[in-house]
Amino acid sequence: MKHRFIKIIFMFTSLAVFMACKQESKNQDALIKNLIDKSPNPLENFELIDLNCDNINNLLIEIFIEDQDVRHTGTRDRKEVDAENLQKFVSLVEKCGFPTQDELTDYRSKYAVFLTLQHSSPEWIAYYLSLIHI
């Protein structure tokens with residue numbers, strides 16, 4: 001009888017936690033949407049460059065390599081490399097569309113998406129957040 005009572009208490013507690021998490025998720029989604037809606041459009045004064053959409057994966061791998069090279073060797077200015085990588089990434093996304101899982105065939109191309117946004121300003125993160133499928 002005692003074990004049955006404990007199981008019932010556990011089930012109710014689990015249900016309460018699940019419902020609280022679900023509500024919290026809705027609150028976070030609303031907060032993120034509000035943040036995105038209030039963020040300025042960073043594309044307004046941004047210069048896109050011409051890129052070839054035939055091999056998105058390779059372009060992202062190049063971005064990854066440049067990002068990691070500057071962080072490990074320090075041979076160039078990080079801000080300069082981050083700005084160049086952002087320009088390539090934004091141009092790629094705006095011309096070719098946000099990369100899909102099928103296009104990201106190498107771990108380095110997946111990291112390039114993350115690293116480029118991580119090393120950018122909050123406006124860029126907010127701008128592309130809705131396109132990232134987690």
# chains A, B, ... in the order shown; residues from 1 in each chain; ligands from 1
$ residues_around --residues "Leu43 in chain A" --least-positions-apart "3" --cutoff "9 Å" --atoms "only C-alpha atoms" --output "list in words"
Pro40, Phe46, Glu47, Leu48, Val90 and Trp124 of chain A
$ write_last_selection --atoms "N, CA, C and O atoms" --output "tab-separated table (two decimals), in the first residue's frame"
chain	number	residue	atom	x	y	z
A	40	PRO	N	16.58	45.36	-34.18
A	40	PRO	CA	16.66	46.01	-35.48
A	40	PRO	C	17.07	45.00	-36.56
A	40	PRO	O	17.71	43.99	-36.27
A	46	PHE	N	23.96	46.37	-44.45
A	46	PHE	CA	24.93	45.29	-44.58
A	46	PHE	C	25.21	45.03	-46.05
A	46	PHE	O	24.29	44.95	-46.86
A	47	GLU	N	26.49	44.88	-46.38
A	47	GLU	CA	26.88	44.63	-47.76
A	47	GLU	C	27.03	43.13	-48.00
A	47	GLU	O	27.89	42.47	-47.41
A	48	LEU	N	26.17	42.61	-48.87
A	48	LEU	CA	26.25	41.19	-49.23
A	48	LEU	C	27.30	41.01	-50.33
A	48	LEU	O	27.50	41.90	-51.15
A	90	VAL	N	26.21	35.53	-43.83
A	90	VAL	CA	24.97	36.26	-44.11
A	90	VAL	C	24.68	36.27	-45.61
A	90	VAL	O	23.54	36.06	-46.04
A	124	TRP	N	22.37	39.91	-34.83
A	124	TRP	CA	22.44	38.82	-35.81
A	124	TRP	C	21.89	37.53	-35.23
A	124	TRP	O	21.20	36.78	-35.91
$ closest_atom_pairs --of "range 25-84 of chain A" --to "range 93-110 of chain A" --cutoff "10 Å" --atoms "only C-alpha atoms" --output "CSV"
residue,atom,partner,partner_atom,distance
A:Leu43,CA,A:Glu94,CA,9.5
A:Leu48,CA,A:Glu94,CA,8.2
A:Ile49,CA,A:Lys95,CA,9.3
A:Asp50,CA,A:Lys95,CA,8.3
A:Leu51,CA,A:Lys95,CA,7.7
A:Asn52,CA,A:Cys96,CA,8.4
A:Cys53,CA,A:Cys96,CA,5.6
A:Asp54,CA,A:Cys96,CA,9.0
A:Asn55,CA,A:Glu103,CA,8.3
A:Ile56,CA,A:Glu103,CA,6.8
A:Asn57,CA,A:Leu104,CA,5.5
A:Asn58,CA,A:Ser109,CA,7.4
A:Leu59,CA,A:Ser109,CA,8.0
A:Leu60,CA,A:Ser109,CA,4.7
A:Ile61,CA,A:Ser109,CA,4.8
A:Glu62,CA,A:Ser109,CA,8.3
A:Ile63,CA,A:Ser109,CA,8.0
A:Phe64,CA,A:Arg108,CA,6.0
A:Ile65,CA,A:Arg108,CA,8.0
$ residues_around --residues "Asp82 in chain A" --least-positions-apart "3" --cutoff "10 Å" --atoms "only C-alpha atoms" --output "list in words"
Ile63, Glu66, Asp67, Val70, Asp77, Arg78, Lys79, Asn85, Leu86, Gln87, Lys88, Leu115, Thr116, Leu117, Gln118, His119 and Ser120 of chain A
$ atom_distance --atom1 "CA of Asn34 in chain A" --atom2 "CA of Leu131 in chain A"
15.4 Å
